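Q: So here's start.csv, just CSV, C-alpha atoms:
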```csv
chain,number,residue,atom,x,y,z
A,1,MET,CA,25.1,1.9,-6.9
A,2,ALA,CA,21.6,1.6,-8.3
A,3,ASP,CA,20.2,4.5,-10.4
A,4,PRO,CA,17.8,6.8,-8.5
A,5,ARG,CA,14.1,6.2,-9.2
A,6,PHE,CA,11.4,8.8,-9.7
A,7,TYR,CA,7.7,8.6,-10.0
A,8,CYS,CA,6.0,10.7,-12.8
A,9,PRO,CA,2.3,11.3,-12.6
A,10,GLU,CA,2.1,11.7,-16.4
A,11,PRO,CA,1.9,8.7,-18.7
A,12,LEU,CA,5.4,7.8,-20.0
A,13,SER,CA,6.4,6.2,-23.3
A,14,ALA,CA,9.6,4.9,-24.9
A,15,ARG,CA,12.0,7.3,-26.5
A,16,GLN,CA,10.2,10.5,-25.4
A,17,THR,CA,12.0,13.5,-24.0
A,18,LEU,CA,10.0,14.7,-21.0
A,19,THR,CA,10.2,18.0,-19.1
A,20,LEU,CA,10.2,16.9,-15.5
A,21,PRO,CA,7.3,18.0,-13.3
A,22,ALA,CA,8.3,20.6,-10.7
A,23,SER,CA,8.2,18.1,-7.9
A,24,VAL,CA,10.4,15.6,-9.7
A,25,ALA,CA,12.8,18.4,-10.8
A,26,HIS,CA,13.1,19.6,-7.2
A,27,HIS,CA,14.1,16.1,-6.0
A,28,VAL,CA,16.6,15.8,-8.9
A,29,ARG,CA,18.3,19.0,-7.7
A,30,VAL,CA,18.2,18.0,-4.0
A,31,ARG,CA,20.0,14.8,-4.9
A,32,ARG,CA,22.6,17.0,-6.8
A,33,LEU,CA,22.2,15.0,-10.0
A,34,GLU,CA,24.0,16.4,-13.0
A,35,ALA,CA,23.3,16.5,-16.7
A,36,GLY,CA,24.1,13.1,-18.2
A,37,SER,CA,23.1,11.3,-15.0
A,38,THR,CA,21.2,8.1,-15.6
A,39,LEU,CA,17.9,7.5,-13.6
A,40,ILE,CA,14.8,5.4,-13.7
A,41,MET,CA,11.3,6.7,-14.3
A,42,PHE,CA,7.9,5.0,-13.7
A,43,ASP,CA,4.3,6.2,-14.0
A,44,GLY,CA,2.7,3.7,-11.7
A,45,ARG,CA,1.0,1.7,-14.5
A,46,GLY,CA,3.7,-1.0,-14.5
A,47,GLY,CA,7.2,-1.3,-15.9
A,48,GLU,CA,9.9,1.4,-15.8
A,49,PHE,CA,12.0,3.4,-18.2
A,50,PRO,CA,15.8,4.1,-18.1
A,51,GLY,CA,16.5,7.8,-18.7
A,52,THR,CA,19.2,10.3,-19.1
A,53,LEU,CA,19.0,13.7,-17.4
A,54,ASP,CA,19.5,17.1,-19.0
A,55,PHE,CA,19.2,20.7,-18.0
A,56,GLN,CA,18.3,23.8,-20.0
A,57,GLY,CA,18.7,26.6,-17.6
A,58,LYS,CA,16.2,26.0,-14.8
A,59,ILE,CA,14.3,23.4,-16.8
A,60,ALA,CA,15.1,19.7,-16.2
A,61,SER,CA,14.3,17.1,-18.7
A,62,VAL,CA,14.9,13.4,-19.2
A,63,THR,CA,15.2,11.3,-22.4
A,64,LEU,CA,13.7,7.9,-21.9
A,65,GLY,CA,14.8,4.6,-23.3
A,66,ASP,CA,12.7,1.5,-24.0
A,67,LEU,CA,10.2,0.2,-21.5
A,68,ASP,CA,11.6,-2.4,-19.0
A,69,PRO,CA,8.6,-4.5,-18.0
A,70,LYS,CA,10.1,-5.3,-14.6
A,71,GLU,CA,7.6,-5.9,-11.9
A,72,ASN,CA,8.0,-6.3,-8.1
A,73,GLU,CA,4.4,-7.2,-7.1
A,74,LEU,CA,3.2,-10.1,-5.0
A,75,ALA,CA,1.9,-13.2,-6.7
A,76,GLY,CA,-1.6,-12.4,-5.3
A,77,GLU,CA,-3.7,-9.3,-4.5
A,78,LEU,CA,-3.5,-8.4,-0.8
A,79,CYS,CA,-5.8,-5.8,0.7
A,80,LEU,CA,-5.5,-4.3,4.2
A,81,PHE,CA,-8.5,-2.9,6.1
A,82,GLN,CA,-6.7,-0.7,8.7
A,83,GLY,CA,-8.7,0.9,11.5
A,84,LEU,CA,-7.7,4.5,11.6
A,85,PRO,CA,-5.1,4.9,14.4
A,86,SER,CA,-4.4,8.1,16.3
A,87,GLY,CA,-1.8,10.7,15.4
A,88,ASP,CA,0.4,10.1,12.4
A,89,LYS,CA,0.6,6.3,12.8
A,90,MET,CA,-1.2,5.8,9.5
A,91,ASP,CA,1.7,7.4,7.7
A,92,TRP,CA,3.9,4.6,9.0
A,93,VAL,CA,1.4,1.9,8.1
A,94,ILE,CA,1.0,3.2,4.6
A,95,GLU,CA,4.7,3.5,3.9
A,96,LYS,CA,5.5,-0.1,5.2
A,97,ALA,CA,2.4,-1.5,3.4
A,98,VAL,CA,3.9,-0.3,0.1
A,99,GLU,CA,7.2,-1.9,0.9
A,100,LEU,CA,5.6,-5.2,1.8
A,101,GLY,CA,3.6,-5.3,-1.4
A,102,VAL,CA,0.1,-4.6,-0.3
A,103,SER,CA,-2.2,-3.9,-3.3
A,104,ARG,CA,-4.8,-1.7,-1.6
A,105,ILE,CA,-5.2,-0.2,1.8
A,106,VAL,CA,-8.6,0.9,3.1
A,107,PRO,CA,-8.6,3.3,6.1
A,108,ILE,CA,-11.5,2.3,8.3
A,109,SER,CA,-13.3,5.0,10.3
A,110,ALA,CA,-14.1,2.6,13.0
A,111,HIS,CA,-16.5,3.2,15.9
A,112,ARG,CA,-13.5,3.4,18.3
A,113,SER,CA,-11.1,5.4,16.0
A,114,ILE,CA,-9.8,8.5,17.7
A,115,LEU,CA,-8.8,10.1,14.4
A,116,LYS,CA,-11.8,11.6,12.5
A,117,LEU,CA,-11.3,13.1,9.0
A,118,SER,CA,-13.7,15.1,6.9
A,119,GLY,CA,-13.8,18.1,4.5
A,120,PRO,CA,-10.5,20.0,3.8
A,121,ARG,CA,-8.7,18.1,6.5
A,122,LEU,CA,-9.5,14.8,4.8
A,123,GLU,CA,-8.5,16.1,1.3
A,124,LYS,CA,-5.2,17.3,2.7
A,125,ARG,CA,-4.5,14.0,4.5
A,126,LEU,CA,-5.4,11.9,1.3
A,127,ALA,CA,-2.9,14.0,-0.7
A,128,HIS,CA,-0.3,13.5,2.0
A,129,TRP,CA,-0.8,9.7,1.9
A,130,ALA,CA,-0.6,9.7,-1.9
A,131,GLY,CA,2.8,11.4,-1.6
A,132,ILE,CA,4.0,8.7,0.9
A,133,ILE,CA,2.9,6.0,-1.5
A,134,GLU,CA,4.8,7.6,-4.3
A,135,SER,CA,8.0,8.1,-2.3
A,136,ALA,CA,7.9,4.5,-0.8
A,137,SER,CA,7.4,3.1,-4.3
A,138,GLU,CA,10.5,5.0,-5.5
A,139,GLN,CA,12.5,3.6,-2.7
A,140,CYS,CA,11.4,-0.1,-2.7
A,141,GLY,CA,11.3,-0.7,-6.5
A,142,ARG,CA,7.6,-1.1,-7.1
A,143,ASN,CA,6.4,0.1,-10.5
A,144,ARG,CA,2.7,0.0,-9.6
A,145,LEU,CA,1.3,2.3,-7.0
A,146,MET,CA,-0.6,0.8,-4.0
A,147,GLN,CA,-4.2,2.0,-4.2
A,148,ILE,CA,-5.7,3.8,-1.2
A,149,SER,CA,-9.4,4.3,-0.6
A,150,PRO,CA,-11.0,7.3,1.2
A,151,PRO,CA,-11.7,6.5,4.8
A,152,GLN,CA,-15.0,4.6,5.2
A,153,THR,CA,-16.9,2.6,7.8
A,154,LEU,CA,-16.3,-1.1,8.1
A,155,GLU,CA,-19.8,-1.8,6.9
A,156,GLU,CA,-19.2,0.2,3.8
A,157,ALA,CA,-15.8,-1.6,3.2
A,158,LEU,CA,-17.4,-5.0,3.7
A,159,GLY,CA,-20.1,-4.1,1.3
A,160,ALA,CA,-17.6,-3.5,-1.5
A,161,ARG,CA,-16.4,-6.3,-3.8
A,162,ALA,CA,-15.0,-9.3,-2.0
A,163,ILE,CA,-11.3,-9.8,-2.3
A,164,GLY,CA,-10.5,-13.5,-1.6
A,165,GLU,CA,-10.5,-14.7,2.0
A,166,ARG,CA,-11.2,-12.1,4.7
A,167,LEU,CA,-9.3,-12.5,8.0
A,168,LEU,CA,-10.0,-10.5,11.1
A,169,CYS,CA,-7.2,-10.1,13.5
A,170,ASP,CA,-8.5,-11.2,16.9
A,171,PRO,CA,-6.2,-12.1,19.8
A,172,ASN,CA,-9.0,-14.3,21.3
A,173,ALA,CA,-9.6,-16.3,18.2
A,174,SER,CA,-9.4,-20.1,18.4
A,175,GLU,CA,-7.7,-20.5,15.0
A,176,ASP,CA,-4.2,-19.1,14.2
A,177,LEU,CA,-3.0,-17.5,11.0
A,178,GLU,CA,-1.0,-20.5,9.8
A,179,THR,CA,-3.7,-23.1,10.4
A,180,ARG,CA,-6.3,-20.9,8.6
A,181,LEU,CA,-4.1,-20.2,5.5
A,182,LEU,CA,-3.1,-23.8,5.1
A,183,ASN,CA,-6.7,-25.0,5.4
A,184,PRO,CA,-7.6,-26.5,1.9
A,185,ALA,CA,-10.9,-24.6,2.0
A,186,CYS,CA,-9.1,-21.4,2.6
A,187,GLN,CA,-6.4,-22.0,0.1
A,188,ALA,CA,-8.9,-22.1,-2.7
A,189,LYS,CA,-10.0,-18.6,-1.8
A,190,THR,CA,-6.5,-17.2,-1.2
A,191,GLU,CA,-4.9,-18.5,-4.3
A,192,ARG,CA,-4.9,-15.0,-5.8
A,193,ALA,CA,-6.4,-12.7,-3.2
A,194,LEU,CA,-6.5,-12.0,0.6
A,195,THR,CA,-7.9,-9.3,2.8
A,196,ILE,CA,-6.7,-8.6,6.3
A,197,LEU,CA,-8.7,-6.6,8.8
A,198,VAL,CA,-7.0,-4.8,11.8
A,199,GLY,CA,-8.9,-2.6,14.2
A,200,PRO,CA,-7.9,0.7,15.8
A,201,GLU,CA,-6.3,1.1,19.2
A,202,GLY,CA,-9.6,0.3,21.0
A,203,GLY,CA,-10.4,-2.7,18.8
A,204,TRP,CA,-13.6,-3.3,16.8
A,205,SER,CA,-17.0,-2.6,18.4
A,206,PRO,CA,-19.4,-5.5,19.0
A,207,GLU,CA,-21.5,-4.1,16.1
A,208,GLU,CA,-18.5,-4.2,13.8
A,209,VAL,CA,-17.7,-7.7,14.8
A,210,GLN,CA,-21.2,-8.8,14.0
A,211,SER,CA,-20.9,-7.1,10.5
A,212,CYS,CA,-17.7,-9.2,9.9
A,213,GLU,CA,-19.5,-12.4,10.9
A,214,ARG,CA,-22.4,-11.6,8.6
A,215,SER,CA,-19.9,-11.2,5.7
A,216,GLN,CA,-18.2,-14.5,6.5
A,217,THR,CA,-15.0,-12.9,7.7
A,218,GLN,CA,-12.9,-15.4,9.6
A,219,HIS,CA,-11.3,-14.6,13.0
A,220,ILE,CA,-7.7,-15.5,13.4
A,221,ARG,CA,-5.0,-14.8,16.1
A,222,PHE,CA,-1.4,-14.1,15.5
A,223,GLY,CA,1.1,-15.3,18.2
A,224,THR,CA,0.7,-15.0,21.9
A,225,ARG,CA,1.2,-11.3,22.3
A,226,VAL,CA,-1.2,-8.4,21.7
A,227,LEU,CA,0.3,-6.2,19.0
A,228,ARG,CA,-0.3,-2.5,18.5
A,229,THR,CA,-2.6,-1.6,15.6
A,230,GLU,CA,0.3,-0.1,13.6
A,231,THR,CA,2.2,-3.3,14.1
A,232,ALA,CA,-0.4,-6.0,13.7
A,233,GLY,CA,-1.5,-5.4,10.1
A,234,LEU,CA,2.1,-5.2,8.8
A,235,ALA,CA,3.2,-8.3,10.7
A,236,LEU,CA,0.2,-10.2,9.4
A,237,VAL,CA,0.9,-9.1,5.8
A,238,ALA,CA,4.5,-10.3,6.1
A,239,ALA,CA,3.6,-13.6,7.6
A,240,ALA,CA,0.7,-14.3,5.2
A,241,THR,CA,2.8,-13.6,2.1
A,242,ALA,CA,5.5,-16.0,3.4
A,243,LEU,CA,3.0,-18.7,4.2
A,244,LEU,CA,1.3,-18.3,0.8
A,245,ARG,CA,4.6,-18.3,-0.9
A,246,TRP,CA,3.7,-15.0,-2.6
```
Do you think you could lay out the structure here as structure tokens?
A:
Amino acid sequence: MADPRFYCPEPLSARQTLTLPASVAHHVRVRRLEAGSTLIMFDGRGGEFPGTLDFQGKIASVTLGDLDPKENELAGELCLFQGLPSGDKMDWVIEKAVELGVSRIVPISAHRSILKLSGPRLEKRLAHWAGIIESASEQCGRNRLMQISPPQTLEEALGARAIGERLLCDPNASEDLETRLLNPACQAKTERALTILVGPEGGWSPEEVQSCERSQTQHIRFGTRVLRTETAGLALVAAATALLRW
């Protein structure tokens, strides 16, 4: 059985003895790990450290070994612009995006998004999403944390730095995902980076579509069925990484 993995928000270094943060110590006790148990620690900056657990009363500590530079990232950078869905669907999208290797996810406060976040509610939700990213990274073996941006409008997101080819999920598009990704002109852009845009339940507004067209975002369809917003982005990510051999 593989050693349990734990994320530590503090920078780690080889051969150090570290008092575990309260949240990590709690997880260690929940999993009923005993002194002398071996585990894996990572700080999200790349690589991981084998460690040996110890207890001094209520204080849990771990003695780390040498850095193992192991990485489980995709061969290219993949960004997902996800229109904010209703309810807690974004939790699911974030967790699965981590597992699929997405580098960055940008929640989009789209014109037709039902969920609106601001103030303390936004801060609480961002902290909640950060915890999901950490837990999913522990589970799937990633040693670098997926980045998440604060919710922003599509126009703001498109105005940020370009990340390779931009593909807008559109069930009415004339070009499908495979044809686009295997196009030589597209392959030059997607050699190391790709951005996928998925709207909320109500889709993108005409104004948002126009913003995408002005930014040279390409419309692509995926299959013959209309997928839910929480399904579409993840399915496109999986298919794109397979087609690009990432």
Q: So that I can see what lies close to stretch 79-96 of chain A, please list as a list in words the residues with an atom at most 6 Å from it, counting only C-alpha atoms and leaving out residues fewer than 2 positions away in the same chain.
A: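 Returned residues: Val98, Glu99, Ser103, Arg104, Ile105, Val106, Pro107, Ile108, Ser109, Ala110, Ser113, Ile114, Leu115, Ala136, Thr195, Ile196, Leu197, Val198, Gly199, Pro200 and Glu230 of chain A.
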Q: Mind pulling up the distance from atom CA of A:Leu194 to atom CA of A:Gly76?
A: 7.7 Å
Q: Which of these residues is nearest to A:Arg15, using all atoms listed in the file: A:Gln152, A:Thr52, A:Thr38, A:Thr241?
A: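 Using all atoms listed in the file, A:Arg15 sits closest to A:Thr52.
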Q: In Å, rounded to a single decimal, give me how far atom CA of A:Val226 is from atom CA of A:Ser174.
A: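 The value is 14.7 Å.
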Q: Please measure the separation of atom CA of A:Asp68 and atom CA of A:Leu39, giving the value in Å to one decimal.
A: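 These atoms are spaced 12.9 Å apart.
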Q: Using only C-alpha atoms, which protein or nucleic acid residues come within 7 Å of stretch 201-207 of chain A? Drop anything in the same chain fewer than 6 positions from it, and give the result as number ranges by chain.
A: A: 85, 111-112, 229
Q: Choose the residue, out of A:Glu208, A:Phe6, A:Arg144, A:Arg31, that has the smallest atom-to-atom separation from A:Gly47; count only C-alpha atoms.
A: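 Ranked by minimum distance to A:Gly47, first place goes to A:Arg144.
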Q: Can you work out which one of A:Val102, A:Ala127, A:Ala14, A:Leu67 has the shortest atom-to-atom distance to A:Met146, counting only C-alpha atoms?
A: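 Of all the options, A:Val102 lies closest to A:Met146.
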Q: From the options A:Asp43, A:Glu48, A:Glu134, A:Asp176, which residue's atoms come nearest to A:Asp66, counting only C-alpha atoms?
A: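 Among the listed residues, the smallest separation from A:Asp66 belongs to A:Glu48.
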Q: When you count all atoms listed in the file, which of these residues is closest to A:Ser118: A:Gly233, A:Val24, A:Pro151, A:Glu73?
A: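 Among the listed residues, the smallest separation from A:Ser118 belongs to A:Pro151.
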